[in-house]
$ cat input.cif   # mmCIF, N, CA and C atoms
data_start
#
loop_
_atom_site.label_atom_id
_atom_site.label_comp_id
_atom_site.auth_asym_id
_atom_site.auth_seq_id
_atom_site.Cartn_x
_atom_site.Cartn_y
_atom_site.Cartn_z
N ARG A 384 0.86 -1.18 0.00
CA ARG A 384 0.00 0.00 0.00
C ARG A 384 0.90 1.24 0.00
N VAL A 385 0.89 1.96 -1.07
CA VAL A 385 1.75 3.12 -1.24
C VAL A 385 1.00 4.38 -0.82
N GLY A 386 1.71 5.27 -0.13
CA GLY A 386 1.09 6.51 0.36
C GLY A 386 1.25 7.68 -0.58
N HIS A 387 1.76 7.40 -1.79
CA HIS A 387 1.94 8.50 -2.74
C HIS A 387 1.89 7.96 -4.17
N LEU A 388 1.82 8.90 -5.11
CA LEU A 388 1.84 8.57 -6.53
C LEU A 388 2.68 9.64 -7.21
N ASP A 389 3.58 9.23 -8.08
CA ASP A 389 4.40 10.19 -8.81
C ASP A 389 3.74 10.46 -10.16
N VAL A 390 3.42 11.73 -10.42
CA VAL A 390 2.74 12.13 -11.64
C VAL A 390 3.49 13.30 -12.26
N ASP A 391 3.96 13.13 -13.49
CA ASP A 391 4.67 14.19 -14.22
C ASP A 391 5.77 14.82 -13.36
N GLY A 392 6.53 13.99 -12.68
CA GLY A 392 7.65 14.48 -11.88
C GLY A 392 7.27 15.09 -10.55
N ARG A 393 6.01 14.99 -10.22
CA ARG A 393 5.54 15.58 -8.96
C ARG A 393 4.97 14.46 -8.08
N ARG A 394 5.30 14.46 -6.81
CA ARG A 394 4.80 13.46 -5.89
C ARG A 394 3.47 13.96 -5.30
N VAL A 395 2.43 13.15 -5.44
CA VAL A 395 1.11 13.46 -4.90
C VAL A 395 0.84 12.47 -3.77
N THR A 396 0.57 12.99 -2.58
CA THR A 396 0.31 12.12 -1.43
C THR A 396 -1.19 12.03 -1.18
N ARG A 397 -1.56 11.08 -0.36
CA ARG A 397 -2.97 10.95 0.02
C ARG A 397 -3.48 12.22 0.66
N ALA A 398 -2.66 12.85 1.49
CA ALA A 398 -3.07 14.09 2.17
C ALA A 398 -3.36 15.20 1.18
N ASP A 399 -2.72 15.15 -0.01
CA ASP A 399 -2.95 16.17 -1.03
C ASP A 399 -4.33 16.05 -1.67
N VAL A 400 -4.89 14.87 -1.70
CA VAL A 400 -6.11 14.66 -2.47
C VAL A 400 -7.31 14.15 -1.66
N GLY A 401 -7.13 13.95 -0.36
CA GLY A 401 -8.25 13.41 0.40
C GLY A 401 -8.11 13.68 1.88
N VAL A 402 -9.14 13.34 2.59
CA VAL A 402 -9.16 13.49 4.05
C VAL A 402 -9.58 12.15 4.65
N PRO A 403 -9.12 11.87 5.86
CA PRO A 403 -9.57 10.63 6.50
C PRO A 403 -11.10 10.62 6.65
N ARG A 404 -11.69 9.49 6.38
CA ARG A 404 -13.14 9.35 6.49
C ARG A 404 -13.42 8.08 7.28
N PRO A 405 -13.65 8.23 8.58
CA PRO A 405 -13.86 7.03 9.40
C PRO A 405 -15.13 6.29 8.98
N GLY A 406 -15.07 4.98 9.08
CA GLY A 406 -16.22 4.17 8.75
C GLY A 406 -17.16 4.04 9.92
N GLN A 407 -18.13 3.17 9.79
CA GLN A 407 -19.07 2.89 10.86
C GLN A 407 -18.67 1.58 11.51
N ARG A 408 -19.00 1.45 12.78
CA ARG A 408 -18.63 0.24 13.50
C ARG A 408 -19.88 -0.43 14.08
N PHE A 409 -20.02 -1.73 13.81
CA PHE A 409 -21.13 -2.53 14.29
C PHE A 409 -20.57 -3.69 15.11
N ALA A 410 -21.18 -3.97 16.25
CA ALA A 410 -20.76 -5.10 17.07
C ALA A 410 -21.97 -5.95 17.43
N PHE A 411 -21.76 -7.25 17.49
CA PHE A 411 -22.81 -8.22 17.81
C PHE A 411 -22.28 -9.12 18.92
N VAL A 412 -22.96 -9.11 20.07
CA VAL A 412 -22.51 -9.88 21.23
C VAL A 412 -23.66 -10.79 21.67
N MET A 413 -23.39 -12.09 21.68
CA MET A 413 -24.46 -13.04 21.98
C MET A 413 -23.92 -14.24 22.75
N ASP A 414 -24.75 -14.74 23.67
CA ASP A 414 -24.46 -15.97 24.42
C ASP A 414 -23.10 -15.93 25.12
N THR A 415 -22.94 -14.93 25.97
CA THR A 415 -21.69 -14.80 26.70
C THR A 415 -21.93 -14.13 28.05
N GLY A 416 -21.10 -14.44 28.99
CA GLY A 416 -21.07 -13.69 30.23
C GLY A 416 -20.20 -12.47 30.04
N LEU A 417 -20.15 -11.63 31.04
CA LEU A 417 -19.34 -10.42 30.98
C LEU A 417 -17.86 -10.80 30.96
N CYS A 418 -17.12 -10.28 29.97
CA CYS A 418 -15.70 -10.58 29.84
C CYS A 418 -15.03 -9.46 29.05
N ASP A 419 -13.71 -9.49 28.98
CA ASP A 419 -12.98 -8.46 28.25
C ASP A 419 -13.36 -8.42 26.77
N GLY A 420 -13.68 -9.58 26.21
CA GLY A 420 -14.07 -9.63 24.79
C GLY A 420 -15.32 -8.83 24.49
N VAL A 421 -16.26 -8.80 25.42
CA VAL A 421 -17.48 -8.01 25.23
C VAL A 421 -17.11 -6.54 25.08
N TYR A 422 -16.25 -6.07 25.96
CA TYR A 422 -15.83 -4.66 25.90
C TYR A 422 -15.02 -4.37 24.63
N ALA A 423 -14.16 -5.29 24.24
CA ALA A 423 -13.35 -5.10 23.03
C ALA A 423 -14.24 -4.97 21.80
N LEU A 424 -15.27 -5.79 21.70
CA LEU A 424 -16.18 -5.70 20.56
C LEU A 424 -17.00 -4.42 20.59
N ALA A 425 -17.44 -4.01 21.76
CA ALA A 425 -18.33 -2.86 21.89
C ALA A 425 -17.62 -1.51 21.76
N GLU A 426 -16.32 -1.48 21.93
CA GLU A 426 -15.58 -0.22 21.98
C GLU A 426 -15.88 0.69 20.80
N HIS A 427 -16.47 1.86 21.10
CA HIS A 427 -16.80 2.90 20.11
C HIS A 427 -17.72 2.42 19.00
N ALA A 428 -18.55 1.42 19.27
CA ALA A 428 -19.48 0.94 18.24
C ALA A 428 -20.57 1.98 17.98
N ASP A 429 -20.85 2.17 16.71
CA ASP A 429 -21.99 3.01 16.35
C ASP A 429 -23.29 2.27 16.66
N LEU A 430 -23.27 0.95 16.46
CA LEU A 430 -24.42 0.10 16.74
C LEU A 430 -23.94 -1.15 17.46
N LEU A 431 -24.52 -1.39 18.63
CA LEU A 431 -24.23 -2.60 19.40
C LEU A 431 -25.52 -3.38 19.58
N VAL A 432 -25.55 -4.59 19.02
CA VAL A 432 -26.64 -5.54 19.26
C VAL A 432 -26.10 -6.53 20.27
N ILE A 433 -26.76 -6.59 21.43
CA ILE A 433 -26.21 -7.38 22.53
C ILE A 433 -27.32 -8.10 23.28
N GLU A 434 -27.03 -9.31 23.68
CA GLU A 434 -28.01 -10.05 24.46
C GLU A 434 -28.23 -9.40 25.82
N SER A 435 -29.42 -9.53 26.32
CA SER A 435 -29.73 -9.16 27.71
C SER A 435 -30.76 -10.16 28.18
N THR A 436 -30.31 -11.37 28.32
CA THR A 436 -31.20 -12.49 28.58
C THR A 436 -31.94 -12.36 29.90
N PHE A 437 -31.28 -11.79 30.90
CA PHE A 437 -31.88 -11.71 32.24
C PHE A 437 -31.96 -10.27 32.72
N LEU A 438 -32.74 -10.08 33.74
CA LEU A 438 -32.76 -8.81 34.47
C LEU A 438 -31.78 -8.92 35.64
N GLU A 439 -31.43 -7.80 36.21
CA GLU A 439 -30.41 -7.75 37.27
C GLU A 439 -30.79 -8.61 38.47
N SER A 440 -32.09 -8.80 38.71
CA SER A 440 -32.53 -9.63 39.84
C SER A 440 -32.05 -11.08 39.71
N GLU A 441 -31.72 -11.49 38.50
CA GLU A 441 -31.19 -12.84 38.26
C GLU A 441 -29.74 -12.80 37.80
N ALA A 442 -28.96 -11.83 38.27
CA ALA A 442 -27.56 -11.67 37.85
C ALA A 442 -26.73 -12.91 38.17
N ALA A 443 -26.97 -13.54 39.30
CA ALA A 443 -26.21 -14.74 39.66
C ALA A 443 -26.50 -15.87 38.67
N LEU A 444 -27.76 -16.06 38.32
CA LEU A 444 -28.12 -17.08 37.34
C LEU A 444 -27.51 -16.74 35.97
N ALA A 445 -27.55 -15.48 35.60
CA ALA A 445 -26.96 -15.05 34.32
C ALA A 445 -25.49 -15.43 34.26
N ALA A 446 -24.76 -15.14 35.32
CA ALA A 446 -23.34 -15.47 35.37
C ALA A 446 -23.11 -16.97 35.31
N GLU A 447 -23.97 -17.71 36.00
CA GLU A 447 -23.82 -19.17 36.05
C GLU A 447 -24.01 -19.81 34.68
N VAL A 448 -24.94 -19.30 33.90
CA VAL A 448 -25.26 -19.91 32.61
C VAL A 448 -24.63 -19.18 31.42
N GLY A 449 -23.84 -18.14 31.69
CA GLY A 449 -23.13 -17.46 30.62
C GLY A 449 -23.98 -16.52 29.80
N HIS A 450 -24.71 -15.66 30.46
CA HIS A 450 -25.53 -14.65 29.78
C HIS A 450 -25.36 -13.31 30.49
N LEU A 451 -25.90 -12.27 29.88
CA LEU A 451 -25.83 -10.92 30.43
C LEU A 451 -27.19 -10.46 30.92
N THR A 452 -27.18 -9.49 31.81
CA THR A 452 -28.42 -8.82 32.21
C THR A 452 -28.56 -7.54 31.39
N ALA A 453 -29.74 -6.98 31.39
CA ALA A 453 -29.97 -5.71 30.69
C ALA A 453 -29.08 -4.62 31.28
N ALA A 454 -28.92 -4.61 32.59
CA ALA A 454 -28.07 -3.61 33.23
C ALA A 454 -26.61 -3.78 32.80
N GLN A 455 -26.12 -5.00 32.76
CA GLN A 455 -24.74 -5.22 32.32
C GLN A 455 -24.54 -4.77 30.87
N ALA A 456 -25.47 -5.12 30.00
CA ALA A 456 -25.37 -4.72 28.60
C ALA A 456 -25.35 -3.21 28.47
N ALA A 457 -26.20 -2.54 29.24
CA ALA A 457 -26.26 -1.07 29.19
C ALA A 457 -24.99 -0.44 29.73
N ARG A 458 -24.44 -1.00 30.80
CA ARG A 458 -23.18 -0.46 31.34
C ARG A 458 -22.03 -0.66 30.35
N VAL A 459 -22.00 -1.80 29.68
CA VAL A 459 -20.99 -2.02 28.64
C VAL A 459 -21.11 -0.94 27.58
N ALA A 460 -22.34 -0.68 27.14
CA ALA A 460 -22.56 0.33 26.10
C ALA A 460 -22.10 1.71 26.55
N THR A 461 -22.42 2.07 27.77
CA THR A 461 -22.01 3.38 28.29
C THR A 461 -20.49 3.47 28.41
N GLU A 462 -19.88 2.48 29.02
CA GLU A 462 -18.43 2.49 29.23
C GLU A 462 -17.65 2.40 27.93
N SER A 463 -18.27 1.87 26.88
CA SER A 463 -17.59 1.67 25.61
C SER A 463 -17.89 2.76 24.59
N GLY A 464 -18.74 3.71 24.94
CA GLY A 464 -19.04 4.81 24.03
C GLY A 464 -19.92 4.43 22.86
N VAL A 465 -20.86 3.51 23.09
CA VAL A 465 -21.78 3.06 22.04
C VAL A 465 -22.80 4.15 21.73
N ARG A 466 -23.13 4.31 20.47
CA ARG A 466 -24.11 5.32 20.06
C ARG A 466 -25.55 4.79 20.07
N ARG A 467 -25.77 3.61 19.49
CA ARG A 467 -27.11 3.02 19.42
C ARG A 467 -27.03 1.61 19.98
N LEU A 468 -27.88 1.33 20.97
CA LEU A 468 -27.87 0.04 21.67
C LEU A 468 -29.15 -0.72 21.38
N VAL A 469 -28.99 -1.97 20.94
CA VAL A 469 -30.14 -2.84 20.68
C VAL A 469 -30.02 -4.04 21.61
N LEU A 470 -31.02 -4.20 22.48
CA LEU A 470 -31.06 -5.35 23.38
C LEU A 470 -31.91 -6.44 22.75
N THR A 471 -31.47 -7.69 22.91
CA THR A 471 -32.17 -8.82 22.32
C THR A 471 -31.89 -10.08 23.14
N HIS A 472 -32.48 -11.21 22.74
CA HIS A 472 -32.23 -12.53 23.33
C HIS A 472 -32.73 -12.58 24.78
N PHE A 473 -34.01 -12.26 24.95
CA PHE A 473 -34.63 -12.18 26.28
C PHE A 473 -35.16 -13.54 26.72
N SER A 474 -34.98 -13.83 27.99
CA SER A 474 -35.57 -15.05 28.56
C SER A 474 -37.09 -14.93 28.53
N GLN A 475 -37.74 -16.03 28.22
CA GLN A 475 -39.21 -16.04 28.16
C GLN A 475 -39.84 -15.97 29.55
N ARG A 476 -39.02 -16.00 30.59
CA ARG A 476 -39.57 -15.86 31.95
C ARG A 476 -40.12 -14.46 32.19
N TYR A 477 -39.77 -13.52 31.31
CA TYR A 477 -40.22 -12.12 31.46
C TYR A 477 -41.22 -11.79 30.36
N PRO A 478 -42.50 -11.68 30.70
CA PRO A 478 -43.52 -11.43 29.67
C PRO A 478 -43.53 -9.98 29.16
N ASP A 479 -42.93 -9.05 29.91
CA ASP A 479 -42.99 -7.64 29.54
C ASP A 479 -41.60 -7.12 29.16
N PRO A 480 -41.31 -6.97 27.86
CA PRO A 480 -39.99 -6.51 27.45
C PRO A 480 -39.67 -5.08 27.90
N ARG A 481 -40.67 -4.35 28.32
CA ARG A 481 -40.44 -2.98 28.81
C ARG A 481 -39.51 -3.00 30.04
N ARG A 482 -39.53 -4.08 30.79
CA ARG A 482 -38.67 -4.18 31.96
C ARG A 482 -37.19 -4.11 31.57
N PHE A 483 -36.85 -4.69 30.41
CA PHE A 483 -35.47 -4.63 29.92
C PHE A 483 -35.11 -3.18 29.56
N HIS A 484 -36.04 -2.51 28.94
CA HIS A 484 -35.83 -1.10 28.58
C HIS A 484 -35.59 -0.27 29.84
N ASP A 485 -36.45 -0.43 30.82
CA ASP A 485 -36.34 0.37 32.03
C ASP A 485 -35.03 0.10 32.77
N GLU A 486 -34.65 -1.17 32.85
CA GLU A 486 -33.40 -1.49 33.54
C GLU A 486 -32.19 -0.92 32.79
N ALA A 487 -32.19 -1.06 31.49
CA ALA A 487 -31.07 -0.54 30.69
C ALA A 487 -31.02 0.98 30.73
N ARG A 488 -32.16 1.62 30.69
CA ARG A 488 -32.21 3.08 30.66
C ARG A 488 -31.57 3.69 31.90
N ALA A 489 -31.59 2.98 33.00
CA ALA A 489 -30.96 3.48 34.22
C ALA A 489 -29.44 3.56 34.09
N HIS A 490 -28.88 2.90 33.07
CA HIS A 490 -27.42 2.85 32.90
C HIS A 490 -26.93 3.40 31.56
N PHE A 491 -27.84 3.65 30.63
CA PHE A 491 -27.46 4.08 29.28
C PHE A 491 -28.41 5.17 28.83
N ASP A 492 -27.86 6.33 28.46
CA ASP A 492 -28.75 7.44 28.07
C ASP A 492 -28.77 7.69 26.57
N GLY A 493 -28.12 6.84 25.78
CA GLY A 493 -28.14 6.97 24.33
C GLY A 493 -29.39 6.35 23.73
N GLU A 494 -29.36 6.18 22.41
CA GLU A 494 -30.51 5.58 21.73
C GLU A 494 -30.60 4.10 22.10
N LEU A 495 -31.77 3.70 22.57
CA LEU A 495 -31.99 2.35 23.08
C LEU A 495 -33.17 1.71 22.36
N ILE A 496 -32.96 0.52 21.83
CA ILE A 496 -34.00 -0.22 21.11
C ILE A 496 -34.13 -1.60 21.73
N ILE A 497 -35.37 -1.99 21.99
CA ILE A 497 -35.66 -3.34 22.46
C ILE A 497 -36.12 -4.13 21.24
N ALA A 498 -35.31 -5.07 20.81
CA ALA A 498 -35.60 -5.81 19.58
C ALA A 498 -36.79 -6.74 19.76
N GLU A 499 -37.56 -6.82 18.71
CA GLU A 499 -38.65 -7.79 18.60
C GLU A 499 -38.41 -8.57 17.31
N ASP A 500 -39.14 -9.65 17.11
CA ASP A 500 -38.98 -10.41 15.87
C ASP A 500 -39.14 -9.47 14.68
N LEU A 501 -38.24 -9.59 13.73
CA LEU A 501 -38.22 -8.85 12.46
C LEU A 501 -37.94 -7.36 12.61
N THR A 502 -37.42 -6.94 13.76
CA THR A 502 -37.02 -5.55 13.93
C THR A 502 -35.89 -5.23 12.97
N THR A 503 -35.99 -4.10 12.28
CA THR A 503 -34.93 -3.61 11.41
C THR A 503 -34.31 -2.39 12.06
N VAL A 504 -32.99 -2.39 12.16
CA VAL A 504 -32.28 -1.28 12.80
C VAL A 504 -31.15 -0.85 11.88
N GLN A 505 -31.07 0.42 11.62
CA GLN A 505 -30.00 0.97 10.77
C GLN A 505 -28.76 1.28 11.61
N VAL A 506 -27.60 1.12 11.01
CA VAL A 506 -26.38 1.61 11.63
C VAL A 506 -26.44 3.13 11.52
N PRO A 507 -26.17 3.85 12.61
CA PRO A 507 -26.23 5.32 12.54
C PRO A 507 -25.30 5.86 11.46
N PRO A 508 -25.66 6.99 10.88
CA PRO A 508 -24.78 7.59 9.87
C PRO A 508 -23.41 7.91 10.45
N ARG A 509 -22.44 7.99 9.57
CA ARG A 509 -21.09 8.38 9.98
C ARG A 509 -21.13 9.67 10.75
N ARG A 510 -20.23 9.78 11.68
CA ARG A 510 -20.08 11.07 12.38
C ARG A 510 -19.34 12.02 11.46
N VAL A 511 -19.82 13.25 11.40
CA VAL A 511 -19.16 14.25 10.57
C VAL A 511 -18.01 14.84 11.39
N ALA A 512 -16.83 14.83 10.81
CA ALA A 512 -15.66 15.38 11.49
C ALA A 512 -15.84 16.88 11.65
N SER A 513 -15.55 17.37 12.83
CA SER A 513 -15.67 18.81 13.08
C SER A 513 -14.44 19.53 12.54
N ALA A 514 -14.66 20.72 12.03
CA ALA A 514 -13.56 21.53 11.51
C ALA A 514 -12.82 22.16 12.67
N GLY A 515 -11.51 22.22 12.57
CA GLY A 515 -10.75 22.95 13.55
C GLY A 515 -9.96 22.10 14.42
#
$ encode --input "input.cif" --output "structure tokens"
Amino acid sequence: RVGHLDVDGRRVTRADVGVPRPGQRFAFVMDTGLCDGVYALAEHADLLVIESTFLESEAALAAEVGHLTAAQAARVATESGVRRLVLTHFSQRYPDPRRFHDEARAHFDGELIIAEDLTTVQVPPRRVASAG
């Protein structure tokens, strides 16, 4: 990968003809307990789709069977700088998915979506670099 091109005796660099344009970042975390890998995947994600199988009241069970709570997922999102958080993979022991929303909202103030079957979620648009 060359950082320049020689044209008619003149060297043209990438900086001469373009500007850095960061891409979008998407992370998908499923069927895992809390670990360093969860944070590594979520770091600065524009969109994080993450399991929240249990509520915090069953945190011990979640840890035992290798799943996350809504609160844990939300804290990961906050600590990792996630822009849009999608919670999914809920235990059927909870008939009201709003409980996952409420628990997560206590820990994450960004855009929060509770996934349902066939939910479509867009990756947020690229962040526009500020001048200066």
$ residues_around --input "input.cif" --residues "Ser435 (chain A)" --least-positions-apart "4" --cutoff "8 Å" --atoms "all atoms listed in the file" --output "list in words"
Val412, Met413, Asp414, His450, Leu451, Thr452, Ala453, Ala454, Gln455, Ala456, Ala457, Val469, Leu470, Thr471, His472, Phe473, Ser474 and Phe483 of chain A
$ closest_residue --input "input.cif" --among "A:Ala445, A:Val421, A:Leu468, A:Ile497" --to "Arg481 (chain A)" --atoms "only N, CA and C atoms"
A:Ile497
$ closest_residue --input "input.cif" --among "A:Arg394, A:Gln505, A:Leu438, A:Val465" --to "Glu486 (chain A)" --atoms "only N, CA and C atoms"
A:Leu438
$ closest_residue --input "input.cif" --among "A:Leu495, A:His490, A:Arg393, A:Thr502" --to "Thr461 (chain A)" --atoms "only N, CA and C atoms"
A:His490
$ atom_distance --input "input.cif" --atom1 "CA of Gln407 (chain A)" --atom2 "CA of Arg467 (chain A)"
11.7 Å
$ residues_around --input "input.cif" --residues "Gly464 (chain A)" --least-positions-apart "3" --cutoff "7 Å" --atoms "only C-alpha atoms" --output "list of chain:residue names"
A:Glu426, A:His427, A:Ala428, A:Ala460, A:Thr461
$ atom_distance --input "input.cif" --atom1 "CA of Pro480 (chain A)" --atom2 "atom C of Asp429 (chain A)"
21.7 Å
